[in-house]
Amino acid sequence: MATTSTYFYSAMKLTGGKARGVRSARDERQLSEELRGAGLLLVRAWKLPEVFSGVAEGSGKGPLPLSDEAALNNQLHVLLSRGVPLVEALEVGADVVSDRSSGRVQKLRELVAAGTSFAKACKEVGGFDEVAISVYKAAERTGDLAGAAGRLAEAAERRLAIRGKATTVMIYPAIVTLVSIALLAALLIFVVPSMAESVRSMMTEGQSSQLPRISIIVFGLGEWMAANLLGVALGVVTVLAILIVFRKSVITGLIRLFSKVPAVAAMLMAAELTRFFSVLAAMTKSGVPLAEALETSTGSISDGKLRRQLEDTRKALMEGGVLRSLIEKIDALPLATRKLLVAAERSGDLDQAFDALSTNMAEELDTRSSRLLALMEPAVILTMFALLGPMVVAIALPMIKLNQGG
């Protein structure tokens, strides 16, 4: 198999204007052909070092971005439902996704045009998760690829909404905390040393030795930071670099830490159940057997008890268990949710129940995230006071003593 290289390219658009980007190809000739297929004329290409492999658009490495998954499936749903052939629909789909994913969709179109099934082509190209591939495979059997694409688009949009809410909840306190730390560092480096010098100059030798312990600590820290400014800056840069490199582990650790808080745990559970029922709805509506759908969708659940109960339910279902009895045993789910699922199973309308539960959980997620943000406001104020308060006290106490002594 020929190895591919990663190129940074400069190209001209057929409609005018320039385009630049990163793309993987065997050589510059293949790169030029792929760009021509995307409506671009290669002007110049620079081969990048191996360290950049896997970051190129169309490299087939890494998952397909969720926004691109939603855009592609939306376009497929619209075009296929109106009778447009799949190959042509994929050609249009390459234009609606980001430049990073455009090459991947182009390769997908080429495989389908060569006679490969859509689900198999998605697996070969890479980046599509198990849910999408299972749904596509079932939809090709039933001949409802358009409907399956629409359901996957809806599920992706719900996941994007969940991600947006989670980002909002995380960014707000993070920004306030970072600003507070930056302000604290600036005051320690540029204000505290001069304040310490002024306080000492106004005190006698005996009074200086009687400075409050908190003042001694804060003044000493500020003077040390000012005297070692370069080292402090290097330390900050190092910490930031470590956080960026290990950001996934850091985020996972923070989620685990804050999940101990009841309000955060409830919001995370609502987010997981929204995705869980959304995936179940998309898969069962496309004809995927319930046991197979449970196996795939349970991966989105992090709660240990619920995950174990769902896995036990899937195993019992495959062994011939009665679904309504199995649902009753999943006490990690709310009672109302279990009763709704049992009623839906009796009426043979489980896929609609999964869809309704996904919508309900999304609404609950909205409510819980709004409440959590409201709770965070006083918590953030207390955090700022905890960071800046000691410094204010350290400066104020000597001043009060001087006034009392005078």
# chains A, B, ... in the order shown; residues from 1 in each chain; ligands from 1
call {"tool": "residues_around", "arguments": {"residues": "A:Val92", "least_positions_apart": "3", "cutoff": "10 Å", "atoms": "only C-alpha atoms", "output": "list of chain:residue names"}}
result
A:Leu72, A:Gln75, A:Leu76, A:Leu79, A:Leu86, A:Val87, A:Glu88, A:Ala89, A:Asp95, A:Val96, A:Val97, A:Val105, A:Gln106, A:Arg109
call {"tool": "residues_around", "arguments": {"residues": "A:Leu350", "least_positions_apart": "4", "cutoff": "10 Å", "atoms": "only C-alpha atoms", "output": "PyMOL selection string"}}
result
chain A and resi 280-281+284-285+290+340-346+354-356
call {"tool": "residues_around", "arguments": {"residues": "stretch 170-185 of chain A", "least_positions_apart": "5", "cutoff": "8 Å", "atoms": "only C-alpha atoms", "output": "PyMOL selection string"}}
result
chain A and resi 376+380+383-384+387-388
call {"tool": "write_last_selection", "arguments": {"atoms": "C-alpha atoms", "output": "PDB file, in the first residue's frame"}}
result
ATOM      1  CA  MET A 376     -22.469  29.167  39.893  1.00  0.00           C
ATOM      2  CA  VAL A 380     -17.738  32.322  41.375  1.00  0.00           C
ATOM      3  CA  THR A 383     -13.938  32.018  44.530  1.00  0.00           C
ATOM      4  CA  MET A 384     -12.826  35.534  43.565  1.00  0.00           C
ATOM      5  CA  LEU A 387      -8.281  34.417  45.766  1.00  0.00           C
ATOM      6  CA  LEU A 388      -8.133  38.192  46.270  1.00  0.00           C
TER       7      LEU A 388
END
call {"tool": "closest_residue", "arguments": {"among": "A:Ala119, A:Ala394, A:Val236, A:Leu221", "to": "A:Ala138", "atoms": "only C-alpha atoms"}}
result
A:Ala119
call {"tool": "select_by_dssp", "arguments": {"residues": "stretch 156-382 of chain A", "states": "alpha helix (DSSP H)", "output": "PyMOL selection string"}}
result
chain A and resi 156-186+192-202+205-208+213-227+229-245+247-258+262-285+290-297+304-318+323-328+335-347+350-382
call {"tool": "select_by_dssp", "arguments": {"residues": "stretch 24-173 of chain A", "states": "strand (DSSP E or B)", "output": "PyMOL selection string"}}
result
chain A and resi 24-25+40-47+57
call {"tool": "atom_distance", "arguments": {"atom1": "atom CA of A:Asp144", "atom2": "atom CA of A:Glu157"}}
result
20.2 Å
call {"tool": "closest_residue", "arguments": {"among": "A:Leu373, A:Leu306, A:Ile251, A:Ala94", "to": "A:Lys165", "atoms": "only C-alpha atoms"}}
result
A:Leu373
call {"tool": "residues_around", "arguments": {"residues": "A:Ala25", "least_positions_apart": "5", "cutoff": "8 Å", "atoms": "only C-alpha atoms", "output": "PyMOL selection string"}}
result
chain A and resi 4-7+30-31
call {"tool": "closest_residue", "arguments": {"among": "A:Val288, A:Ile216, A:Leu229, A:Leu64", "to": "A:Ala139", "atoms": "only C-alpha atoms"}}
result
A:Val288
call {"tool": "residues_around", "arguments": {"residues": "A:Ala282", "least_positions_apart": "5", "cutoff": "9 Å", "atoms": "only C-alpha atoms", "output": "MDAnalysis selection string"}}
result
chainID A and resid 131 135 148 150:152 154:155 277 288 351 354:355
call {"tool": "write_last_selection", "arguments": {"atoms": "N, CA and C atoms", "output": "PDB file, in the first residue's frame"}}
result
ATOM      1  N   VAL A 131     -22.563   3.851  15.598  1.00  0.00           N
ATOM      2  CA  VAL A 131     -23.994   4.147  15.472  1.00  0.00           C
ATOM      3  C   VAL A 131     -24.346   4.445  14.022  1.00  0.00           C
ATOM      4  N   VAL A 135     -26.676   2.163  11.521  1.00  0.00           N
ATOM      5  CA  VAL A 135     -27.911   2.742  10.983  1.00  0.00           C
ATOM      6  C   VAL A 135     -27.899   2.694   9.460  1.00  0.00           C
ATOM      7  N   ALA A 148     -32.885   7.454   7.301  1.00  0.00           N
ATOM      8  CA  ALA A 148     -31.818   7.188   8.266  1.00  0.00           C
ATOM      9  C   ALA A 148     -30.891   8.382   8.394  1.00  0.00           C
ATOM     10  N   GLY A 150     -31.678  11.476   7.880  1.00  0.00           N
ATOM     11  CA  GLY A 150     -32.401  12.516   8.618  1.00  0.00           C
ATOM     12  C   GLY A 150     -32.384  12.263  10.110  1.00  0.00           C
ATOM     13  N   ARG A 151     -32.551  10.997  10.508  1.00  0.00           N
ATOM     14  CA  ARG A 151     -32.540  10.665  11.940  1.00  0.00           C
ATOM     15  C   ARG A 151     -31.152  10.872  12.540  1.00  0.00           C
ATOM     16  N   LEU A 152     -30.107  10.507  11.791  1.00  0.00           N
ATOM     17  CA  LEU A 152     -28.744  10.719  12.278  1.00  0.00           C
ATOM     18  C   LEU A 152     -28.419  12.205  12.376  1.00  0.00           C
ATOM     19  N   GLU A 154     -30.598  14.569  13.013  1.00  0.00           N
ATOM     20  CA  GLU A 154     -31.299  15.045  14.206  1.00  0.00           C
ATOM     21  C   GLU A 154     -30.550  14.661  15.477  1.00  0.00           C
ATOM     22  N   ALA A 155     -30.034  13.417  15.521  1.00  0.00           N
ATOM     23  CA  ALA A 155     -29.276  12.967  16.695  1.00  0.00           C
ATOM     24  C   ALA A 155     -27.995  13.779  16.852  1.00  0.00           C
ATOM     25  N   PHE A 277     -31.131   8.042  24.492  1.00  0.00           N
ATOM     26  CA  PHE A 277     -32.438   7.819  23.862  1.00  0.00           C
ATOM     27  C   PHE A 277     -32.456   8.320  22.416  1.00  0.00           C
ATOM     28  N   VAL A 288     -32.610  -1.348  13.165  1.00  0.00           N
ATOM     29  CA  VAL A 288     -31.579  -2.057  13.924  1.00  0.00           C
ATOM     30  C   VAL A 288     -32.245  -2.792  15.084  1.00  0.00           C
ATOM     31  N   ASP A 351     -39.825   2.932  19.363  1.00  0.00           N
ATOM     32  CA  ASP A 351     -38.980   3.947  18.716  1.00  0.00           C
ATOM     33  C   ASP A 351     -39.522   5.352  18.948  1.00  0.00           C
ATOM     34  N   PHE A 354     -38.670   6.317  22.509  1.00  0.00           N
ATOM     35  CA  PHE A 354     -37.271   6.732  22.631  1.00  0.00           C
ATOM     36  C   PHE A 354     -37.102   8.175  22.159  1.00  0.00           C
ATOM     37  N   ASP A 355     -37.760   8.512  21.047  1.00  0.00           N
ATOM     38  CA  ASP A 355     -37.688   9.871  20.511  1.00  0.00           C
ATOM     39  C   ASP A 355     -38.283  10.879  21.490  1.00  0.00           C
TER      40      ASP A 355
END
call {"tool": "residues_around", "arguments": {"residues": "A:Leu333", "least_positions_apart": "6", "cutoff": "10 Å", "atoms": "only C-alpha atoms", "output": "VMD selection string"}}
result
chain A and resid 273 305 to 306 309 to 310 327
call {"tool": "residues_around", "arguments": {"residues": "A:Ser81", "least_positions_apart": "2", "cutoff": "9 Å", "atoms": "only C-alpha atoms", "output": "ChimeraX atom specification"}}
result
/A:76-79,83-84,144-147
